[in-house]
Amino acid sequence: MFDRDTEGVRIELRSLTKRYPGQTAPAVDNVSMDIPAGELVVFVGPSGCGKTTTMKMINRLVEPTSGEIRIGGRDVLSLNPDELRRHIGYAIQQVGLFPHLTVAQNIGLVPKLLGWSQEKIAARVEELLTLVHLEPGAFTDRYPRQLSGGQQQRVGVARALAADPPVMLMDEPFGATDPITREHLQNEFVRLQKQLRKTIIFVTHDFEEAIKLGDRIAVLREGSHIAQYDTPAAILSDPADDYVAGFIGQDATLKRLALLQVADVPVTEPLPDPVLPQVAPDASLREALDLMLAHGTDRCSTPSGVLTYATLCEAVGNRPDGTRPEEAVAGDR
Amino acid sequence: MSFSEYVISRWDTLSLAAAEHAMVVAVAIAIATVIGVGVGVLTHGVPRAREASIAVSAAILTIPSLALLTLLIPLTGLGWGSTLLGLTAYAFLPIIRNTVTGLRGLDAATVEAGRGMGLSRPRLLLRVQLPLAWPLILTGIRISTQMLIGIAAIAAFVDGPGLGNQIFEGLSRLGSVNSLNATLAGTLGIVIIAILFDVFFYVVRHLTTPRGLRVRP
């Protein structure tokens with residue numbers, strides 16, 4: 001349907017507006033936005049700000065009042081909505097698995113609609129279950145009611161990926177799970193997206209989740225107005241206004257440290273020091289700082305050298321004495 | 001003549017009456033199911049139409065069966081026609097009501113996910129909504145059936161088929177030979193038919209409820 005399936009395609013929103021009858025203010029007011037191919041963009045904002053409505057206009061579960069949507073250059077509003085939706089993955093917080101169908105039937109539904117052969121569907125189901133870390137042998141023939149919340153969310157993601165769509169829409173897909181499961185699913189999802197490079201629109205009200213998952217974040221206010229649309233690092237280091245700053249919270253610097261990995265910053269000494277607390281190269285700088293605080297030291301050792309408190313300060317654009325240097329090391333992932 | 005002697009001597013009449021009784025109920029239920037489920041499917045999403053269809057079918061149920069059957073005589077005459085029409089009319093409320101409740105009671109997320117995946121409305125209805133609402137719809141059909149088996153006895157009043165004839169015959173000759181036996185045979189026959197229908201629905205329910213809805217977590 002779109003120029004290329006499987007890998008992500010660009011999404012363009014132009015003056016998108018949704019006005020519900022009987023309401024004075026539009027739910028989504030004149031939103032324009034470009035979502036680059038293969039990126040995960042998080043819509044974050046308080047409940048009722050129109051972020052979900054904006055997302056649902058992309059697969060036309062909500063019909064726009066006016067405006068234009070292009071996916072991979074094609075005008076979405078001129079396509080058959082059902083046909084369109086079969087090429088856009090869709091995952092929601094409540095999952096919405098079909099309780100009367102097995103896990104395999106749930107995942108295989110869209111491929112079946114698209115006319116795939118039985119063997120191809122079976123192979124795809126197995127591949128996807130493995131991808132979301134569910135043992136195919138144990139899960140294909142189970143019913144949704146026999147799964148835990150976290151397992152249902154995984155099947156939900158697998159189902160959204162089933163026909164290998166270039167675009168995915170995800171509305172708080174990990175929202176209904178406990179914090180431990182959620183973090184686990186988020187980590188797996190980051191790994192998955194690195195591999196798949198889909199264009200994903202991800203809706204959440206959790207800024208931490210937005211930082212963790214997003215290549216870019218769109219901070220939205222009432223009417224889906226874009227308060228700021230940038231990379232997590234840029235939003236954290238330079239919030240556009242008080243509204244965005246309020247959304248970030250008081251610990252913006254710590255959150256920026258969490259975005260950077262130990263391997264991203266230079267070491268002061270070229271050799272590891274076995275006496276100092278040890279930190280892994282793929283740990284975040286926030287974890288490194290935590291380690292320093294826990295050991296009452298300002299240094300810790302990585303496999304390639306020694307990391308100091310001063311390096312951490314420089315990484316977020318500050319000198320240890322509190323002054324800002326001319327040029328900050330931009331944290332980018 | 002003892003009751004058992006009565007049943008044996010009138011076996012042909014009794015078994016024919018029982019078969020007709022079951023048949024008229026089955027046909028009425030079949031018609032009412034097709035129309036009732038159809039009405040439920042079409043109106044469940046439209047508040048006014050939904051309320052109207054339930055109100056009308058409830059109003060029908062408040063008409064005394066004797067009166068309704070009598071009123072139908074000028075339209076459909078004596079016998080099968082009026083009986084079938086009257087019984088069908090009485091069967092609507094539980095069927096429409098349970099269809100509407102079943103469809104509206106579905107998890108909104110399931111329906112939204114189906115739409116979001118690209119299922120067209122008719123496909124969503126056939127593949128997802130009706131299978132999930134089916135246990136409740138079937139319960140409505142079962143309630144209607146039990147109700148109709150009782151009401152069908154009144155059909156004898158308009159010369160309709162069924163075991164009601166035995167009961168009316170017995171009551172009209174109360175005190176005479178076999179009057180009690182006739183009434184008793186008719187009543188017991190109806191009870192047996194009711195039990196058999198219930199067993200039938202139990203089996204159907206078991207066979208047609210999707211396995212995914214029966215499994216335990």
# chains A, B, ... in the order shown; residues from 1 in each chain; ligands from 1
call {"tool": "residues_around", "arguments": {"residues": "stretch 308-311 of chain A", "least_positions_apart": "6", "cutoff": "8 Å", "atoms": "only C-alpha atoms", "output": "list in words"}}
result
Val265, Pro266, Val267, Thr268, Leu289, Asp298, Arg299, Cys300, Arg319 and Pro320 of chain A
call {"tool": "residues_around", "arguments": {"residues": "A:Ala288", "least_positions_apart": "4", "cutoff": "10 Å", "atoms": "only C-alpha atoms", "output": "PDB file with C-alpha atoms, in the first residue's frame"}}
result
ATOM      1  CA  LEU A 257      22.135  11.872  32.597  1.00  0.00           C
ATOM      2  CA  ALA A 258      19.826   8.901  32.188  1.00  0.00           C
ATOM      3  CA  GLN A 261      25.615   6.013  28.360  1.00  0.00           C
ATOM      4  CA  VAL A 262      28.964   5.568  30.040  1.00  0.00           C
ATOM      5  CA  PRO A 277      33.435   0.941  41.966  1.00  0.00           C
ATOM      6  CA  GLN A 278      32.908  -0.653  38.559  1.00  0.00           C
ATOM      7  CA  VAL A 279      30.320   0.473  36.014  1.00  0.00           C
ATOM      8  CA  ALA A 280      29.324  -1.224  32.738  1.00  0.00           C
ATOM      9  CA  PRO A 281      29.822   0.652  29.440  1.00  0.00           C
ATOM     10  CA  ALA A 283      24.996   1.719  31.942  1.00  0.00           C
ATOM     11  CA  SER A 284      23.548   5.234  31.960  1.00  0.00           C
ATOM     12  CA  MET A 292      29.524   7.417  43.011  1.00  0.00           C
ATOM     13  CA  LEU A 293      27.029   8.732  45.569  1.00  0.00           C
ATOM     14  CA  ALA A 294      26.584   5.271  47.050  1.00  0.00           C
ATOM     15  CA  ASP A 298      33.711  11.177  42.734  1.00  0.00           C
ATOM     16  CA  ARG A 299      35.243   8.519  40.497  1.00  0.00           C
ATOM     17  CA  CYS A 300      34.269   5.153  39.147  1.00  0.00           C
ATOM     18  CA  SER A 301      35.898   2.755  36.763  1.00  0.00           C
ATOM     19  CA  THR A 302      34.706   1.565  33.380  1.00  0.00           C
ATOM     20  CA  LEU A 307      35.010   8.206  34.862  1.00  0.00           C
ATOM     21  CA  THR A 308      34.935  11.295  37.078  1.00  0.00           C
ATOM     22  CA  TYR A 309      32.212  13.525  38.512  1.00  0.00           C
ATOM     23  CA  LEU A 312      29.388  13.884  34.248  1.00  0.00           C
TER      24      LEU A 312
END
call {"tool": "interface_residues", "arguments": {"of": "chain B", "to": "chain A", "cutoff": "7 Å", "atoms": "only C-alpha atoms", "output": "MDAnalysis selection string"}}
result
chainID B and resid 109:110 113 116:120 132 210:213 216:217
call {"tool": "select_by_dssp", "arguments": {"residues": "stretch 98-320 of chain A", "states": "strand (DSSP E)", "output": "VMD selection string"}}
result
chain A and resid 167 to 171 199 to 204 216 to 221 225 to 230 299 to 302 305 to 308
call {"tool": "residues_around", "arguments": {"residues": "A:Ile11", "least_positions_apart": "5", "cutoff": "12 Å", "atoms": "only C-alpha atoms", "output": "PyMOL selection string"}}
result
chain A and resi 2+32-41+55+58-59+68-76+88+166-169+198-201
call {"tool": "atom_distance", "arguments": {"atom1": "atom CA of B:Gly160", "atom2": "atom CA of B:Met1"}}
result
27.5 Å
call {"tool": "closest_atom_pairs", "arguments": {"of": "stretch 135-177 of chain B", "to": "stretch 191-203 of chain B", "cutoff": "12 Å", "atoms": "only C-alpha atoms", "output": "tab-separated table"}}
result
residue	atom	partner	partner_atom	distance
B:Pro135	CA	B:Phe201	CA	10.8
B:Ile137	CA	B:Phe201	CA	11.8
B:Leu138	CA	B:Phe201	CA	8.0
B:Thr139	CA	B:Phe201	CA	8.6
B:Gly140	CA	B:Phe201	CA	11.0
B:Ile141	CA	B:Phe201	CA	8.9
B:Arg142	CA	B:Phe201	CA	6.6
B:Ile143	CA	B:Asp198	CA	9.4
B:Ser144	CA	B:Phe197	CA	11.2
B:Thr145	CA	B:Phe197	CA	7.8
B:Gln146	CA	B:Ala194	CA	6.2
B:Met147	CA	B:Ala194	CA	9.3
B:Leu148	CA	B:Ala194	CA	9.5
B:Ile149	CA	B:Ala194	CA	6.5
B:Gly150	CA	B:Ala194	CA	8.5
B:Ile151	CA	B:Ala194	CA	11.7
B:Ala152	CA	B:Ala194	CA	11.5
B:Ala153	CA	B:Val191	CA	11.2
B:Gly162	CA	B:Ile193	CA	11.0
B:Leu163	CA	B:Ile193	CA	10.1
call {"tool": "atom_distance", "arguments": {"atom1": "atom CA of A:Ser237", "atom2": "atom CA of A:Gly45"}}
result
18.5 Å
call {"tool": "residues_around", "arguments": {"residues": "stretch 41-52 of chain B", "least_positions_apart": "3", "cutoff": "9 Å", "atoms": "only C-alpha atoms", "output": "ChimeraX atom specification"}}
result
/B:36-38,55-57,96,99-101,103-104,125,130
call {"tool": "write_last_selection", "arguments": {"atoms": "N, CA and C atoms", "output": "PDB file, in the first residue's frame"}}
result
ATOM      1  N   GLY B  36     -35.611 -11.181  15.671  1.00  0.00           N
ATOM      2  CA  GLY B  36     -35.169 -10.531  16.921  1.00  0.00           C
ATOM      3  C   GLY B  36     -33.684 -10.209  16.920  1.00  0.00           C
ATOM      4  N   VAL B  37     -32.853 -11.173  16.515  1.00  0.00           N
ATOM      5  CA  VAL B  37     -31.409 -10.909  16.473  1.00  0.00           C
ATOM      6  C   VAL B  37     -31.126  -9.821  15.437  1.00  0.00           C
ATOM      7  N   GLY B  38     -31.834  -9.896  14.310  1.00  0.00           N
ATOM      8  CA  GLY B  38     -31.666  -8.864  13.272  1.00  0.00           C
ATOM      9  C   GLY B  38     -31.995  -7.486  13.812  1.00  0.00           C
ATOM     10  N   ALA B  55     -39.289  -1.438  23.837  1.00  0.00           N
ATOM     11  CA  ALA B  55     -40.588  -1.014  24.364  1.00  0.00           C
ATOM     12  C   ALA B  55     -41.734  -1.739  23.640  1.00  0.00           C
ATOM     13  N   VAL B  56     -41.637  -1.836  22.311  1.00  0.00           N
ATOM     14  CA  VAL B  56     -42.703  -2.490  21.543  1.00  0.00           C
ATOM     15  C   VAL B  56     -42.792  -3.974  21.900  1.00  0.00           C
ATOM     16  N   SER B  57     -41.613  -4.634  21.953  1.00  0.00           N
ATOM     17  CA  SER B  57     -41.659  -6.065  22.245  1.00  0.00           C
ATOM     18  C   SER B  57     -42.134  -6.325  23.677  1.00  0.00           C
ATOM     19  N   ILE B  96     -34.558  -9.919  21.623  1.00  0.00           N
ATOM     20  CA  ILE B  96     -34.046  -8.591  21.262  1.00  0.00           C
ATOM     21  C   ILE B  96     -33.237  -8.014  22.426  1.00  0.00           C
ATOM     22  N   THR B  99     -29.884  -9.706  22.822  1.00  0.00           N
ATOM     23  CA  THR B  99     -28.988  -9.373  21.712  1.00  0.00           C
ATOM     24  C   THR B  99     -28.392  -7.984  21.935  1.00  0.00           C
ATOM     25  N   VAL B 100     -29.273  -7.035  22.280  1.00  0.00           N
ATOM     26  CA  VAL B 100     -28.816  -5.661  22.517  1.00  0.00           C
ATOM     27  C   VAL B 100     -27.846  -5.618  23.702  1.00  0.00           C
ATOM     28  N   THR B 101     -28.226  -6.273  24.801  1.00  0.00           N
ATOM     29  CA  THR B 101     -27.356  -6.280  25.987  1.00  0.00           C
ATOM     30  C   THR B 101     -26.022  -6.944  25.671  1.00  0.00           C
ATOM     31  N   LEU B 103     -24.471  -7.282  22.747  1.00  0.00           N
ATOM     32  CA  LEU B 103     -23.628  -6.492  21.847  1.00  0.00           C
ATOM     33  C   LEU B 103     -23.097  -5.248  22.548  1.00  0.00           C
ATOM     34  N   ARG B 104     -23.944  -4.644  23.380  1.00  0.00           N
ATOM     35  CA  ARG B 104     -23.505  -3.414  24.062  1.00  0.00           C
ATOM     36  C   ARG B 104     -22.564  -3.706  25.225  1.00  0.00           C
ATOM     37  N   LEU B 125     -18.759  -7.583  13.041  1.00  0.00           N
ATOM     38  CA  LEU B 125     -19.993  -8.106  13.621  1.00  0.00           C
ATOM     39  C   LEU B 125     -19.996  -9.632  13.593  1.00  0.00           C
ATOM     40  N   LEU B 130     -20.785 -10.848  17.282  1.00  0.00           N
ATOM     41  CA  LEU B 130     -21.801 -11.883  17.481  1.00  0.00           C
ATOM     42  C   LEU B 130     -21.260 -13.115  18.219  1.00  0.00           C
TER      43      LEU B 130
END
call {"tool": "select_by_dssp", "arguments": {"residues": "stretch 36-198 of chain B", "states": "alpha helix (DSSP H)", "output": "ChimeraX atom specification"}}
result
/B:36-43,47-62,65-76,80-104,108-117,121-124,130-151,164-172,179-198
call {"tool": "residues_around", "arguments": {"residues": "A:Pro136", "least_positions_apart": "5", "cutoff": "12 Å", "atoms": "only C-alpha atoms", "output": "PyMOL selection string"}}
result
chain A and resi 103-104+107+122-131+141-142+155+158
call {"tool": "residues_around", "arguments": {"residues": "stretch 8-18 of chain B", "least_positions_apart": "2", "cutoff": "12 Å", "atoms": "only C-alpha atoms", "output": "ChimeraX atom specification"}}
result
/B:1-6,20-25,149,152-153,155-156,160-167,178,181-194,196
call {"tool": "atom_distance", "arguments": {"atom1": "atom CA of B:Leu69", "atom2": "atom CA of B:Leu136"}}
result
29.3 Å
call {"tool": "closest_residue", "arguments": {"among": "B:Arg205, B:Val7, B:Ser53, B:Ser176", "to": "B:Phe92", "atoms": "only C-alpha atoms"}}
result
B:Ser53
call {"tool": "residues_around", "arguments": {"residues": "A:Ala233", "least_positions_apart": "3", "cutoff": "12 Å", "atoms": "only C-alpha atoms", "output": "PDB file with C-alpha atoms, in the first residue's frame"}}
result
ATOM      1  CA  ALA A 210       8.599   9.461  26.560  1.00  0.00           C
ATOM      2  CA  ILE A 211      12.286  10.119  27.307  1.00  0.00           C
ATOM      3  CA  LYS A 212      13.070   6.471  27.418  1.00  0.00           C
ATOM      4  CA  GLY A 214      11.253   8.543  21.953  1.00  0.00           C
ATOM      5  CA  ASP A 215      13.618   9.571  19.177  1.00  0.00           C
ATOM      6  CA  ARG A 216      11.599  12.763  19.382  1.00  0.00           C
ATOM      7  CA  ILE A 217       8.989  14.005  21.783  1.00  0.00           C
ATOM      8  CA  TYR A 229       8.773  19.078  19.346  1.00  0.00           C
ATOM      9  CA  ASP A 230      12.378  17.974  19.630  1.00  0.00           C
ATOM     10  CA  LEU A 236      15.494  18.467  28.741  1.00  0.00           C
ATOM     11  CA  SER A 237      18.336  20.923  28.304  1.00  0.00           C
ATOM     12  CA  ASP A 238      16.273  23.688  26.754  1.00  0.00           C
ATOM     13  CA  PRO A 239      12.536  23.503  27.504  1.00  0.00           C
ATOM     14  CA  ILE A 248       9.781  17.643  32.821  1.00  0.00           C
ATOM     15  CA  ALA A 252      15.785  17.577  34.305  1.00  0.00           C
ATOM     16  CA  THR A 253      19.543  17.170  34.719  1.00  0.00           C
ATOM     17  CA  LEU A 254      19.226  13.705  36.219  1.00  0.00           C
ATOM     18  CA  LYS A 255      16.898  12.740  33.363  1.00  0.00           C
ATOM     19  CA  ARG A 256      19.494  13.951  30.872  1.00  0.00           C
ATOM     20  CA  LEU A 257      22.135  11.872  32.597  1.00  0.00           C
ATOM     21  CA  ALA A 258      19.826   8.901  32.188  1.00  0.00           C
ATOM     22  CA  LEU A 259      19.830   9.458  28.403  1.00  0.00           C
ATOM     23  CA  LEU A 260      23.610   9.177  28.136  1.00  0.00           C
ATOM     24  CA  ALA A 315      28.308  15.782  29.767  1.00  0.00           C
ATOM     25  CA  VAL A 316      25.227  17.778  30.783  1.00  0.00           C
ATOM     26  CA  GLY A 317      26.909  21.068  29.871  1.00  0.00           C
ATOM     27  CA  ALA A 328      27.779  22.072  25.878  1.00  0.00           C
ATOM     28  CA  VAL A 329      28.210  18.491  24.868  1.00  0.00           C
ATOM     29  CA  ALA A 330      24.871  17.848  23.230  1.00  0.00           C
ATOM     30  CA  GLY A 331      23.360  14.662  24.481  1.00  0.00           C
ATOM     31  CA  ASP A 332      21.928  12.828  21.561  1.00  0.00           C
ATOM     32  CA  ARG A 333      21.127   9.202  21.130  1.00  0.00           C
TER      33      ARG A 333
END
call {"tool": "closest_residue", "arguments": {"among": "B:Pro131, B:Gly175, B:Pro122, B:Pro64", "to": "B:Tyr90", "atoms": "only C-alpha atoms"}}
result
B:Pro64
call {"tool": "decode", "arguments": {"residues": "stretch 128-148 of chain B", "atoms": "N, CA and C atoms", "output": "compact mmCIF listing (two decimals), in the first residue's frame"}}
result
# COMPACT_ATOMS: atom_id res chain seq x y z
N VAL B 128 -16.42 -11.09 15.38
CA VAL B 128 -16.08 -10.72 16.76
C VAL B 128 -17.32 -10.48 17.63
N GLN B 129 -18.16 -9.55 17.21
CA GLN B 129 -19.23 -9.13 18.11
C GLN B 129 -20.26 -10.23 18.37
N LEU B 130 -20.79 -10.85 17.28
CA LEU B 130 -21.80 -11.88 17.48
C LEU B 130 -21.26 -13.12 18.22
N PRO B 131 -20.06 -13.62 17.86
CA PRO B 131 -19.56 -14.76 18.63
C PRO B 131 -19.42 -14.47 20.13
N LEU B 132 -19.00 -13.23 20.44
CA LEU B 132 -18.81 -12.90 21.86
C LEU B 132 -20.15 -12.67 22.57
N ALA B 133 -21.15 -12.17 21.83
CA ALA B 133 -22.46 -11.93 22.45
C ALA B 133 -23.32 -13.18 22.44
N TRP B 134 -22.89 -14.21 21.69
CA TRP B 134 -23.70 -15.39 21.46
C TRP B 134 -24.22 -16.08 22.74
N PRO B 135 -23.38 -16.29 23.77
CA PRO B 135 -23.93 -16.96 24.96
C PRO B 135 -25.14 -16.23 25.54
N LEU B 136 -25.10 -14.91 25.53
CA LEU B 136 -26.21 -14.13 26.07
C LEU B 136 -27.43 -14.19 25.14
N ILE B 137 -27.17 -14.14 23.83
CA ILE B 137 -28.28 -14.23 22.87
C ILE B 137 -28.97 -15.58 23.02
N LEU B 138 -28.16 -16.62 23.16
CA LEU B 138 -28.71 -17.97 23.30
C LEU B 138 -29.55 -18.07 24.58
N THR B 139 -29.11 -17.42 25.64
CA THR B 139 -29.90 -17.41 26.87
C THR B 139 -31.27 -16.77 26.62
N GLY B 140 -31.30 -15.69 25.84
CA GLY B 140 -32.56 -15.04 25.48
C GLY B 140 -33.48 -15.99 24.72
N ILE B 141 -32.90 -16.71 23.78
CA ILE B 141 -33.68 -17.66 22.99
C ILE B 141 -34.25 -18.76 23.90
N ARG B 142 -33.44 -19.17 24.85
CA ARG B 142 -33.85 -20.23 25.77
C ARG B 142 -35.01 -19.76 26.67
N ILE B 143 -34.91 -18.55 27.17
CA ILE B 143 -35.99 -18.00 28.00
C ILE B 143 -37.27 -17.90 27.18
N SER B 144 -37.16 -17.39 25.96
CA SER B 144 -38.32 -17.27 25.08
C SER B 144 -38.96 -18.64 24.85
N THR B 145 -38.12 -19.63 24.64
CA THR B 145 -38.64 -20.97 24.37
C THR B 145 -39.45 -21.49 25.56
N GLN B 146 -38.89 -21.37 26.75
CA GLN B 146 -39.59 -21.83 27.95
C GLN B 146 -40.94 -21.14 28.09
N MET B 147 -40.93 -19.84 27.80
CA MET B 147 -42.15 -19.05 27.90
C MET B 147 -43.20 -19.53 26.90
N LEU B 148 -42.74 -19.74 25.66
CA LEU B 148 -43.65 -20.13 24.59
C LEU B 148 -44.27 -21.52 24.83
